[in-house]
file work25.cif (mmCIF, C-alpha atoms (C1' of nucleotides))
data_entry
loop_
_atom_site.group_PDB
_atom_site.id
_atom_site.type_symbol
_atom_site.label_atom_id
_atom_site.label_comp_id
_atom_site.auth_asym_id
_atom_site.auth_seq_id
_atom_site.Cartn_x
_atom_site.Cartn_y
_atom_site.Cartn_z
ATOM 1 C CA MET U 763 229.539 61.053 -114.065
ATOM 2 C CA LEU U 764 231.839 63.285 -116.085
ATOM 3 C CA SER U 765 234.043 61.296 -118.470
ATOM 4 C CA ALA U 766 237.811 61.237 -118.120
ATOM 5 C CA LYS U 767 237.896 63.367 -121.226
ATOM 6 C CA SER U 768 235.790 66.017 -119.508
ATOM 7 C CA GLN U 769 238.011 66.032 -116.490
ATOM 8 C CA TYR U 770 241.048 66.433 -118.727
ATOM 9 C CA ALA U 771 239.334 69.298 -120.500
ATOM 10 C CA PHE U 772 238.687 71.108 -117.250
ATOM 11 C CA LYS U 773 242.246 70.578 -116.106
ATOM 12 C CA ALA U 774 243.592 72.005 -119.322
ATOM 13 C CA LEU U 775 241.174 74.928 -119.242
ATOM 14 C CA THR U 776 242.046 75.693 -115.660
ATOM 15 C CA TYR U 777 245.695 75.732 -116.610
ATOM 16 C CA LEU U 778 245.006 78.089 -119.484
ATOM 17 C CA THR U 779 242.831 80.274 -117.305
ATOM 18 C CA GLU U 780 245.722 80.777 -114.939
ATOM 19 C CA ARG U 781 247.800 81.865 -117.933
ATOM 20 C CA TYR U 782 245.187 84.030 -119.575
ATOM 21 C CA ASN U 783 246.733 86.884 -121.546
ATOM 22 C CA LYS U 784 250.227 85.556 -121.068
ATOM 23 C CA GLY U 785 250.725 84.172 -124.551
ATOM 24 C CA PRO U 786 250.337 80.718 -126.107
ATOM 25 C CA VAL U 787 250.909 77.587 -124.047
ATOM 26 C CA LEU U 788 252.300 74.391 -125.548
ATOM 27 C CA ILE U 789 250.094 71.313 -125.667
ATOM 28 C CA SER U 790 253.076 69.349 -124.447
ATOM 29 C CA GLU U 791 253.446 71.612 -121.432
ATOM 30 C CA ILE U 792 249.815 71.177 -120.427
ATOM 31 C CA ALA U 793 250.039 67.433 -121.000
ATOM 32 C CA LYS U 794 253.076 67.151 -118.802
ATOM 33 C CA LYS U 795 251.924 69.405 -115.990
ATOM 34 C CA LYS U 796 248.432 67.982 -115.847
ATOM 35 C CA LYS U 797 249.404 64.403 -116.651
ATOM 36 C CA ILE U 798 247.157 64.036 -119.652
ATOM 37 C CA PRO U 799 248.045 61.710 -122.569
ATOM 38 C CA LEU U 800 249.470 64.065 -125.177
ATOM 39 C CA LYS U 801 247.574 62.860 -128.208
ATOM 40 C CA PHE U 802 244.312 62.668 -126.341
ATOM 41 C CA LEU U 803 244.829 66.221 -125.160
ATOM 42 C CA GLU U 804 245.475 67.342 -128.739
ATOM 43 C CA ASN U 805 242.022 66.079 -129.685
ATOM 44 C CA ILE U 806 240.388 67.798 -126.759
ATOM 45 C CA LEU U 807 242.039 71.157 -127.356
ATOM 46 C CA LEU U 808 241.196 71.025 -131.018
ATOM 47 C CA GLU U 809 237.576 70.388 -130.167
ATOM 48 C CA LEU U 810 237.596 73.351 -127.811
ATOM 49 C CA LYS U 811 239.145 75.459 -130.525
ATOM 50 C CA ASN U 812 236.532 74.453 -133.066
ATOM 51 C CA ALA U 813 233.924 75.454 -130.510
ATOM 52 C CA ASP U 814 235.479 78.914 -130.203
ATOM 53 C CA ILE U 815 236.569 78.449 -126.624
ATOM 54 C CA LEU U 816 240.246 78.349 -127.462
ATOM 55 C CA ASP U 817 242.441 79.776 -130.143
ATOM 56 C CA SER U 818 245.896 78.716 -131.207
ATOM 57 C CA LYS U 819 249.041 79.858 -132.900
ATOM 58 C CA LYS U 820 251.136 77.570 -135.041
ATOM 59 C CA GLY U 821 254.876 77.369 -135.495
ATOM 60 C CA LYS U 822 257.630 78.263 -133.136
ATOM 61 C CA GLY U 823 256.423 80.178 -130.121
ATOM 62 C CA GLY U 824 252.913 78.903 -130.783
ATOM 63 C CA GLY U 825 250.460 77.074 -128.581
ATOM 64 C CA TYR U 826 246.940 77.337 -127.215
ATOM 65 C CA PHE U 827 245.220 80.104 -125.311
ATOM 66 C CA LEU U 828 241.730 81.125 -124.248
ATOM 67 C CA LYS U 829 239.897 82.988 -126.948
ATOM 68 C CA LYS U 830 237.947 85.106 -124.486
ATOM 69 C CA ASP U 831 237.818 86.190 -120.871
ATOM 70 C CA PRO U 832 237.534 83.106 -118.615
ATOM 71 C CA ALA U 833 234.887 84.965 -116.637
ATOM 72 C CA LYS U 834 232.700 84.727 -119.744
ATOM 73 C CA ILE U 835 233.067 81.002 -120.350
ATOM 74 C CA LYS U 836 230.358 79.055 -118.539
ATOM 75 C CA VAL U 837 231.039 75.676 -116.979
ATOM 76 C CA ALA U 838 227.764 74.446 -118.460
ATOM 77 C CA THR U 839 229.046 75.192 -121.954
ATOM 78 C CA ILE U 840 232.139 73.059 -121.455
ATOM 79 C CA VAL U 841 230.183 70.179 -119.953
ATOM 80 C CA ARG U 842 227.775 70.123 -122.875
ATOM 81 C CA LEU U 843 230.568 70.344 -125.379
ATOM 82 C CA ILE U 844 232.831 67.627 -124.049
ATOM 83 C CA ASN U 845 230.566 65.475 -121.901
ATOM 84 C CA GLY U 846 227.206 65.839 -123.590
ATOM 85 C CA PRO U 847 223.771 66.302 -122.015
ATOM 86 C CA ILE U 848 223.496 67.647 -118.485
ATOM 87 C CA ALA U 849 219.975 66.322 -117.965
ATOM 88 C CA MET U 850 219.388 62.805 -116.643
ATOM 89 C CA LEU U 851 216.892 61.898 -119.364
ATOM 90 C CA PRO U 852 216.955 62.727 -123.092
ATOM 91 C CA CYS U 853 213.348 63.893 -122.901
ATOM 92 C CA VAL U 854 214.221 66.737 -120.527
ATOM 93 C CA SER U 855 217.404 67.896 -122.189
ATOM 94 C CA LEU U 856 217.415 71.427 -123.545
ATOM 95 C CA TYR U 857 220.320 71.015 -125.961
ATOM 96 C CA PHE U 858 220.148 67.273 -126.727
ATOM 97 C CA TYR U 859 216.418 66.631 -126.637
ATOM 98 C CA GLU U 860 215.127 63.265 -127.792
ATOM 99 C CA ARG U 861 211.877 61.485 -127.101
ATOM 100 C CA CYS U 862 212.151 58.532 -124.734
ATOM 101 C CA LYS U 863 210.856 55.434 -126.440
ATOM 102 C CA ASN U 864 207.678 53.838 -125.175
ATOM 103 C CA CYS U 865 207.149 56.709 -122.854
ATOM 104 C CA ASP U 866 204.459 59.329 -122.830
ATOM 105 C CA GLU U 867 206.015 62.539 -121.523
ATOM 106 C CA LYS U 868 202.688 63.915 -120.477
ATOM 107 C CA ASN U 869 202.122 61.013 -118.113
ATOM 108 C CA CYS U 870 205.602 60.330 -116.887
ATOM 109 C CA GLY U 871 206.362 61.083 -113.275
ATOM 110 C CA LEU U 872 210.069 60.714 -113.914
ATOM 111 C CA HIS U 873 209.912 63.320 -116.641
ATOM 112 C CA ASP U 874 208.655 66.046 -114.327
ATOM 113 C CA LEU U 875 211.059 65.086 -111.592
ATOM 114 C CA MET U 876 214.015 65.163 -113.938
ATOM 115 C CA ILE U 877 213.064 68.611 -115.160
ATOM 116 C CA GLU U 878 213.412 69.784 -111.599
ATOM 117 C CA VAL U 879 216.809 68.139 -111.274
ATOM 118 C CA ARG U 880 217.931 69.639 -114.548
ATOM 119 C CA ASP U 881 216.888 73.127 -113.515
ATOM 120 C CA ALA U 882 218.580 72.862 -110.136
ATOM 121 C CA THR U 883 221.768 71.702 -111.832
ATOM 122 C CA LEU U 884 221.706 74.393 -114.493
ATOM 123 C CA GLU U 885 221.084 77.052 -111.875
ATOM 124 C CA ILE U 886 224.596 76.240 -110.705
ATOM 125 C CA LEU U 887 226.459 75.301 -113.881
ATOM 126 C CA GLU U 888 225.148 78.200 -115.927
ATOM 127 C CA GLY U 889 226.120 80.626 -113.213
ATOM 128 C CA ARG U 890 229.742 79.593 -112.924
ATOM 129 C CA THR U 891 232.619 80.264 -115.240
ATOM 130 C CA LEU U 892 236.160 79.049 -115.730
ATOM 131 C CA LYS U 893 237.309 81.923 -113.574
ATOM 132 C CA ASP U 894 235.383 80.483 -110.636
ATOM 133 C CA LEU U 895 237.257 77.202 -110.970
ATOM 134 C CA VAL U 896 240.556 78.873 -110.271
ATOM 135 C CA VAL U 897 240.461 79.596 -106.599
ATOM 136 C CA MET Q 1383 222.145 60.242 -118.316
ATOM 137 C CA LEU Q 1384 220.166 57.415 -116.788
ATOM 138 C CA SER Q 1385 220.875 54.096 -118.519
ATOM 139 C CA ALA Q 1386 218.188 52.191 -120.379
ATOM 140 C CA LYS Q 1387 218.305 49.727 -117.515
ATOM 141 C CA SER Q 1388 217.445 52.483 -115.048
ATOM 142 C CA GLN Q 1389 214.572 53.664 -117.149
ATOM 143 C CA TYR Q 1390 213.276 50.106 -117.345
ATOM 144 C CA ALA Q 1391 213.597 49.799 -113.591
ATOM 145 C CA PHE Q 1392 211.523 52.910 -113.021
ATOM 146 C CA LYS Q 1393 208.892 51.756 -115.477
ATOM 147 C CA ALA Q 1394 208.587 48.426 -113.713
ATOM 148 C CA LEU Q 1395 208.522 50.039 -110.285
ATOM 149 C CA THR Q 1396 205.883 52.499 -111.372
ATOM 150 C CA TYR Q 1397 203.790 49.614 -112.612
ATOM 151 C CA LEU Q 1398 204.199 47.783 -109.316
ATOM 152 C CA THR Q 1399 203.448 50.945 -107.373
ATOM 153 C CA GLU Q 1400 200.098 51.217 -109.121
ATOM 154 C CA ARG Q 1401 199.410 47.641 -108.052
ATOM 155 C CA TYR Q 1402 200.703 47.908 -104.525
ATOM 156 C CA ASN Q 1403 198.854 45.566 -102.160
ATOM 157 C CA LYS Q 1404 197.039 43.870 -104.990
ATOM 158 C CA GLY Q 1405 199.051 40.684 -105.061
ATOM 159 C CA PRO Q 1406 202.018 39.451 -107.105
ATOM 160 C CA VAL Q 1407 202.494 40.625 -110.686
ATOM 161 C CA LEU Q 1408 204.066 38.418 -113.355
ATOM 162 C CA ILE Q 1409 207.403 39.465 -114.844
ATOM 163 C CA SER Q 1410 205.944 38.649 -118.221
ATOM 164 C CA GLU Q 1411 203.026 40.995 -117.635
ATOM 165 C CA ILE Q 1412 205.317 43.890 -116.760
ATOM 166 C CA ALA Q 1413 207.575 43.110 -119.708
ATOM 167 C CA LYS Q 1414 204.661 43.128 -122.099
ATOM 168 C CA LYS Q 1415 202.885 46.184 -120.766
ATOM 169 C CA LYS Q 1416 206.034 48.258 -120.423
ATOM 170 C CA LYS Q 1417 207.800 46.865 -123.486
ATOM 171 C CA ILE Q 1418 210.888 45.693 -121.688
ATOM 172 C CA PRO Q 1419 212.944 42.685 -122.886
ATOM 173 C CA LEU Q 1420 211.777 39.846 -120.642
ATOM 174 C CA LYS Q 1421 215.117 38.415 -119.640
ATOM 175 C CA PHE Q 1422 216.627 41.816 -119.055
ATOM 176 C CA LEU Q 1423 213.702 42.649 -116.826
ATOM 177 C CA GLU Q 1424 214.225 39.442 -114.850
ATOM 178 C CA ASN Q 1425 217.743 40.595 -113.999
ATOM 179 C CA ILE Q 1426 216.555 44.017 -112.972
ATOM 180 C CA LEU Q 1427 213.759 42.750 -110.764
ATOM 181 C CA LEU Q 1428 216.059 40.253 -109.127
ATOM 182 C CA GLU Q 1429 218.512 43.006 -108.353
ATOM 183 C CA LEU Q 1430 215.734 45.063 -106.824
ATOM 184 C CA LYS Q 1431 214.687 42.066 -104.793
ATOM 185 C CA ASN Q 1432 218.207 41.464 -103.511
ATOM 186 C CA ALA Q 1433 218.254 45.094 -102.471
ATOM 187 C CA ASP Q 1434 215.053 44.628 -100.465
ATOM 188 C CA ILE Q 1435 212.978 46.882 -102.654
ATOM 189 C CA LEU Q 1436 210.879 44.071 -104.067
ATOM 190 C CA ASP Q 1437 209.754 40.681 -102.888
ATOM 191 C CA SER Q 1438 208.506 37.754 -104.890
ATOM 192 C CA LYS Q 1439 206.443 34.648 -104.734
ATOM 193 C CA LYS Q 1440 207.272 31.531 -106.719
ATOM 194 C CA GLY Q 1441 205.010 28.989 -108.358
ATOM 195 C CA LYS Q 1442 201.505 29.381 -109.696
ATOM 196 C CA GLY Q 1443 199.955 32.683 -108.733
ATOM 197 C CA GLY Q 1444 203.409 34.054 -108.034
ATOM 198 C CA GLY Q 1445 205.164 37.162 -109.227
ATOM 199 C CA TYR Q 1446 206.789 40.327 -107.964
ATOM 200 C CA PHE Q 1447 205.499 43.017 -105.625
ATOM 201 C CA LEU Q 1448 206.826 45.958 -103.637
ATOM 202 C CA LYS Q 1449 208.221 44.903 -100.296
ATOM 203 C CA LYS Q 1450 207.204 48.149 -98.611
ATOM 204 C CA ASP Q 1451 205.061 51.219 -99.004
ATOM 205 C CA PRO Q 1452 206.016 53.056 -102.228
ATOM 206 C CA ALA Q 1453 205.880 56.282 -100.251
ATOM 207 C CA LYS Q 1454 208.873 55.002 -98.331
ATOM 208 C CA ILE Q 1455 211.070 54.125 -101.311
ATOM 209 C CA LYS Q 1456 213.212 57.065 -102.354
ATOM 210 C CA VAL Q 1457 213.989 57.768 -105.988
ATOM 211 C CA ALA Q 1458 217.609 58.392 -104.986
ATOM 212 C CA THR Q 1459 217.864 54.842 -103.658
ATOM 213 C CA ILE Q 1460 216.786 53.344 -106.962
ATOM 214 C CA VAL Q 1461 219.080 55.565 -109.004
ATOM 215 C CA ARG Q 1462 222.081 54.581 -106.900
ATOM 216 C CA LEU Q 1463 221.156 50.932 -107.046
ATOM 217 C CA ILE Q 1464 220.591 50.570 -110.765
ATOM 218 C CA ASN Q 1465 222.399 53.518 -112.289
ATOM 219 C CA GLY Q 1466 225.242 54.122 -109.876
ATOM 220 C CA PRO Q 1467 226.608 57.397 -108.527
ATOM 221 C CA ILE Q 1468 224.442 60.500 -108.594
ATOM 222 C CA ALA Q 1469 227.378 62.892 -108.289
ATOM 223 C CA MET Q 1470 229.216 64.134 -111.380
ATOM 224 C CA LEU Q 1471 232.656 63.287 -110.008
ATOM 225 C CA PRO Q 1472 233.805 60.273 -107.999
ATOM 226 C CA CYS Q 1473 235.508 62.563 -105.490
ATOM 227 C CA VAL Q 1474 232.214 64.142 -104.443
ATOM 228 C CA SER Q 1475 230.118 60.999 -104.314
ATOM 229 C CA LEU Q 1476 228.674 60.070 -100.938
ATOM 230 C CA TYR Q 1477 228.018 56.399 -101.705
ATOM 231 C CA PHE Q 1478 230.638 55.703 -104.369
ATOM 232 C CA TYR Q 1479 233.513 57.895 -103.257
ATOM 233 C CA GLU Q 1480 236.867 57.531 -105.003
ATOM 234 C CA ARG Q 1481 239.784 59.897 -105.273
ATOM 235 C CA CYS Q 1482 240.226 61.476 -108.671
ATOM 236 C CA LYS Q 1483 243.653 60.670 -109.997
ATOM 237 C CA ASN Q 1484 246.210 63.445 -110.321
ATOM 238 C CA CYS Q 1485 243.873 65.803 -108.589
ATOM 239 C CA ASP Q 1486 244.181 67.512 -105.266
ATOM 240 C CA GLU Q 1487 240.682 67.841 -103.836
ATOM 241 C CA LYS Q 1488 241.674 70.698 -101.597
ATOM 242 C CA ASN Q 1489 242.718 72.792 -104.572
ATOM 243 C CA CYS Q 1490 240.179 71.750 -107.141
ATOM 244 C CA GLY Q 1491 237.608 74.284 -108.174
ATOM 245 C CA LEU Q 1492 235.559 71.618 -109.907
ATOM 246 C CA HIS Q 1493 235.388 69.613 -106.705
ATOM 247 C CA ASP Q 1494 233.625 72.358 -104.766
ATOM 248 C CA LEU Q 1495 231.321 73.162 -107.634
ATOM 249 C CA MET Q 1496 230.317 69.547 -108.038
ATOM 250 C CA ILE Q 1497 229.514 69.259 -104.356
ATOM 251 C CA GLU Q 1498 227.005 72.022 -104.872
ATOM 252 C CA VAL Q 1499 225.497 70.253 -107.862
ATOM 253 C CA ARG Q 1500 225.332 67.014 -105.927
ATOM 254 C CA ASP Q 1501 223.561 68.632 -103.007
ATOM 255 C CA ALA Q 1502 221.048 70.397 -105.209
ATOM 256 C CA THR Q 1503 220.294 67.111 -106.968
ATOM 257 C CA LEU Q 1504 219.982 65.120 -103.770
ATOM 258 C CA GLU Q 1505 217.698 67.732 -102.289
ATOM 259 C CA ILE Q 1506 215.241 66.637 -104.942
ATOM 260 C CA LEU Q 1507 215.937 62.920 -105.390
ATOM 261 C CA GLU Q 1508 216.077 62.150 -101.676
ATOM 262 C CA GLY Q 1509 212.799 63.926 -101.128
ATOM 263 C CA ARG Q 1510 210.798 62.020 -103.709
ATOM 264 C CA THR Q 1511 209.487 58.511 -103.590
ATOM 265 C CA LEU Q 1512 207.993 56.002 -105.975
ATOM 266 C CA LYS Q 1513 204.591 57.236 -104.950
ATOM 267 C CA ASP Q 1514 205.426 60.661 -106.340
ATOM 268 C CA LEU Q 1515 206.182 59.137 -109.728
ATOM 269 C CA VAL Q 1516 202.648 57.885 -110.099
ATOM 270 C CA VAL Q 1517 200.636 60.950 -110.868
ATOM 271 C "C1'" DT J 536 264.644 80.030 -148.321
ATOM 272 C "C1'" DT J 537 264.465 76.392 -145.618
ATOM 273 C "C1'" DA J 538 264.501 73.632 -141.409
ATOM 274 C "C1'" DA J 539 262.398 73.061 -137.253
ATOM 275 C "C1'" DA J 540 258.510 73.855 -134.376
ATOM 276 C "C1'" DA J 541 253.920 73.182 -133.377
ATOM 277 C "C1'" DG J 542 249.240 72.644 -134.325
ATOM 278 C "C1'" DT J 543 245.718 69.851 -137.726
ATOM 279 C "C1'" DC J 544 243.386 65.982 -139.229
ATOM 280 C "C1'" DT J 545 241.925 61.231 -140.230
ATOM 281 C "C1'" DA J 546 241.915 56.769 -139.028
ATOM 282 C "C1'" DC J 547 242.570 53.043 -136.211
ATOM 283 C "C1'" DT J 548 242.810 50.083 -131.972
ATOM 284 C "C1'" DA J 549 241.983 48.854 -127.189
ATOM 285 C "C1'" DA J 550 239.410 48.779 -123.217
ATOM 286 C "C1'" DT J 551 235.256 49.127 -120.763
ATOM 287 C "C1'" DA J 552 230.456 49.483 -119.993
ATOM 288 C "C1'" DT J 553 225.879 48.657 -121.369
ATOM 289 C "C1'" DA J 554 222.266 45.892 -123.295
ATOM 290 C "C1'" DA J 555 220.453 41.755 -124.271
ATOM 291 C "C1'" DT J 556 220.172 36.563 -124.651
ATOM 292 C "C1'" DA J 557 220.434 31.612 -123.386
ATOM 293 C "C1'" DG J 558 219.300 27.949 -120.782
ATOM 294 C "C1'" DG J 559 219.247 25.024 -117.001
ATOM 295 C "C1'" DG J 560 218.063 25.161 -111.805
ATOM 296 C "C1'" DT J 561 214.994 25.562 -107.842
ATOM 297 C "C1'" DA J 562 210.964 26.440 -105.028
ATOM 298 C "C1'" DA J 563 206.007 26.682 -104.447
ATOM 299 C "C1'" DT J 564 201.502 25.272 -105.098
ATOM 300 C "C1'" DA J 565 197.316 23.316 -106.892
ATOM 301 C "C1'" DT H 591 203.842 15.385 -108.781
ATOM 302 C "C1'" DA H 592 203.436 18.252 -112.750
ATOM 303 C "C1'" DT H 593 203.322 22.804 -113.755
ATOM 304 C "C1'" DT H 594 204.199 27.416 -112.955
ATOM 305 C "C1'" DA H 595 207.190 31.046 -112.251
ATOM 306 C "C1'" DC H 596 211.076 32.990 -110.222
ATOM 307 C "C1'" DC H 597 216.509 32.155 -109.664
ATOM 308 C "C1'" DC H 598 221.070 32.250 -111.233
ATOM 309 C "C1'" DT H 599 225.303 32.012 -114.046
ATOM 310 C "C1'" DA H 600 227.347 32.569 -118.197
ATOM 311 C "C1'" DT H 601 227.759 34.296 -122.673
ATOM 312 C "C1'" DT H 602 227.322 37.382 -126.619
ATOM 313 C "C1'" DA H 603 226.482 41.749 -128.965
ATOM 314 C "C1'" DT H 604 226.735 46.552 -129.280
ATOM 315 C "C1'" DA H 605 228.097 51.099 -128.111
ATOM 316 C "C1'" DT H 606 230.897 54.290 -125.899
ATOM 317 C "C1'" DT H 607 235.062 55.902 -124.140
ATOM 318 C "C1'" DA H 608 239.950 56.166 -124.026
ATOM 319 C "C1'" DG H 609 243.983 56.257 -126.174
ATOM 320 C "C1'" DT H 610 247.409 55.745 -130.250
ATOM 321 C "C1'" DA H 611 249.598 56.415 -134.862
ATOM 322 C "C1'" DG H 612 251.243 58.895 -138.380
ATOM 323 C "C1'" DA H 613 251.269 61.897 -142.086
ATOM 324 C "C1'" DC H 614 250.137 66.853 -143.228
ATOM 325 C "C1'" DT H 615 250.139 71.956 -142.928
ATOM 326 C "C1'" DT H 616 251.248 76.362 -141.315
ATOM 327 C "C1'" DT H 617 254.301 79.526 -139.089
ATOM 328 C "C1'" DT H 618 258.401 81.469 -137.682
ATOM 329 C "C1'" DA H 619 263.032 82.641 -137.351
ATOM 330 C "C1'" DA H 620 267.678 81.826 -138.522
#
call {"tool": "encode", "arguments": {"input": "work25.cif", "output": "structure tokens"}}
result
Amino acid sequence: MLSAKSQYAFKALTYLTERYNKGPVLISEIAKKKKIPLKFLENILLELKNADILDSKKGKGGGYFLKKDPAKIKVATIVRLINGPIAMLPCVSLYFYERCKNCDEKNCGLHDLMIEVRDATLEILEGRTLKDLVV
Amino acid sequence: MLSAKSQYAFKALTYLTERYNKGPVLISEIAKKKKIPLKFLENILLELKNADILDSKKGKGGGYFLKKDPAKIKVATIVRLINGPIAMLPCVSLYFYERCKNCDEKNCGLHDLMIEVRDATLEILEGRTLKDLVV
DNA sequence: TTAAAAGTCTACTAATATAATAGGGTAATA
DNA sequence: TATTACCCTATTATATTAGTAGACTTTTAA
């Protein structure tokens, strides 16, 4: 399941997508409108900024805004960034690969199955962008 | 990601699948062969028994064994039982449904997207059984 | 030039979930 | 009837997630 943090991130990003190219938006405004704990949201937005998804402006009239076209920001990217691996096993993760302990990948039925699940999931998440979330 | 517990469960079930119809298998044997903490494994097997996946025999010559044909036990069933929801959001889960807080399902782009992911995942997990894990 | 606005950053605490352990209880069988 | 082996509840340990606190820095506009 996606963490609460991830859900907050998507809410904030959706909000910013709706305001794309309309100037900076205050953290406090997003927090209030989307009912996200202010300080927690600060952390999340900062993380998204450090990952080049968002940009910000300080001082009066400042705030956060999308750094690029929401149609170019994949849902999969956000999930990986805030939630972590998309795959169901570390040994089939593309971006967070780790060997499973006491498990021989070559002879693991689960391994192959979970590759299929991963691919089916990515087929969807890699194909959608923030723009698609705003219906 | 699947929890360690889930991975243990699949290892144990795979082991029992290979020994289907060959009599009871000791917990201690599974624990040793699959390198699973004994007491933790006891809990897992008991849970699987209470869910009618396994059956057991007490006393000398006892142990655990699959209650039915491994070709009839779906991977999805085990995941739900030991790991919990398969869906990425509570509001799109078939077996563990819960409303997301501060979120209107009718107007949530994530909601629809995650239904697609869920369906793609289930397409695979509901179609595979323990037998398929033993290659 | 300076005060207020607004994001930045580090650290901490609380809550929850996961993983693992302990140990006595109960049923079956040789 | 003793031994084997599963049954069951409770506890502890560890890790992750969620949320909070507060001081700092940059920017802007009066």
call {"tool": "resolve_selection", "arguments": {"input": "work25.cif", "expression": "the PyMOL selection byres ((chain H and resi 603-614) around 10)", "output": "compact mmCIF listing (two decimals) with C-alpha atoms (C1' of nucleotides), in the coordinates of the input"}}
result
# COMPACT_ATOMS: atom_id res chain seq x y z
CA SER U 765 234.04 61.30 -118.47
CA ALA U 766 237.81 61.24 -118.12
CA LYS U 767 237.90 63.37 -121.23
CA PRO U 799 248.04 61.71 -122.57
CA LEU U 800 249.47 64.06 -125.18
CA LYS U 801 247.57 62.86 -128.21
CA PHE U 802 244.31 62.67 -126.34
C1' DT J 543 245.72 69.85 -137.73
C1' DC J 544 243.39 65.98 -139.23
C1' DT J 545 241.92 61.23 -140.23
C1' DA J 546 241.92 56.77 -139.03
C1' DC J 547 242.57 53.04 -136.21
C1' DT J 548 242.81 50.08 -131.97
C1' DA J 549 241.98 48.85 -127.19
C1' DA J 550 239.41 48.78 -123.22
C1' DT J 551 235.26 49.13 -120.76
C1' DA J 552 230.46 49.48 -119.99
C1' DT J 553 225.88 48.66 -121.37
C1' DA J 554 222.27 45.89 -123.30
C1' DA J 555 220.45 41.76 -124.27
C1' DT J 556 220.17 36.56 -124.65
C1' DT H 601 227.76 34.30 -122.67
C1' DT H 602 227.32 37.38 -126.62
C1' DT H 615 250.14 71.96 -142.93
C1' DT H 616 251.25 76.36 -141.32
call {"tool": "interface_residues", "arguments": {"input": "work25.cif", "of": "chain U", "to": "chain H", "cutoff": "7 Å", "atoms": "only C-alpha atoms (C1' of nucleotides)", "output": "list in words"}}
result
Phe802, Lys820, Gly821 and Lys822 of chain U
call {"tool": "resolve_selection", "arguments": {"input": "work25.cif", "expression": "the PyMOL selection byres ((chain U) within 10 of (chain J))", "output": "MDAnalysis selection string"}}
result
chainID U and resid 788:790 804:805 808 818:826
call {"tool": "closest_residue", "arguments": {"input": "work25.cif", "among": "Q:Tyr1402, Q:Arg1481, Q:Glu1487, Q:Ala1469", "to": "chain U", "atoms": "only C-alpha atoms"}}
result
Q:Ala1469
call {"tool": "interface_residues", "arguments": {"input": "work25.cif", "of": "chain U", "to": "chain Q", "cutoff": "6 Å", "atoms": "only C-alpha atoms", "output": "PyMOL selection string"}}
result
chain U and resi 763-764+850-851+871-872+879+883+895-896
call {"tool": "atom_distance", "arguments": {"input": "work25.cif", "atom1": "atom CA of U:Gly785", "atom2": "atom CA of U:Ile840"}}
result
21.9 Å
call {"tool": "atom_distance", "arguments": {"input": "work25.cif", "atom1": "atom CA of Q:Lys1456", "atom2": "atom CA of U:Ala838"}}
result
27.8 Å
call {"tool": "atom_distance", "arguments": {"input": "work25.cif", "atom1": "atom CA of Q:Asp1434", "atom2": "atom CA of Q:Leu1448"}}
result
8.9 Å
call {"tool": "axis_aligned_box", "arguments": {"input": "work25.cif", "around": "stretch 819-825 of chain U", "padding_each_side": "4 Å", "output": "AutoDock Vina command-line options"}}
result
--center_x 253.3 --center_y 78.6 --center_z -132.0 --size_x 16.6 --size_y 11.1 --size_z 14.9
call {"tool": "residues_around", "arguments": {"input": "work25.cif", "residues": "U:Leu816", "least_positions_apart": "4", "cutoff": "10 Å", "atoms": "all atoms listed in the file", "output": "VMD selection string"}}
result
chain U and resid 775 778 807 to 812 826 to 830
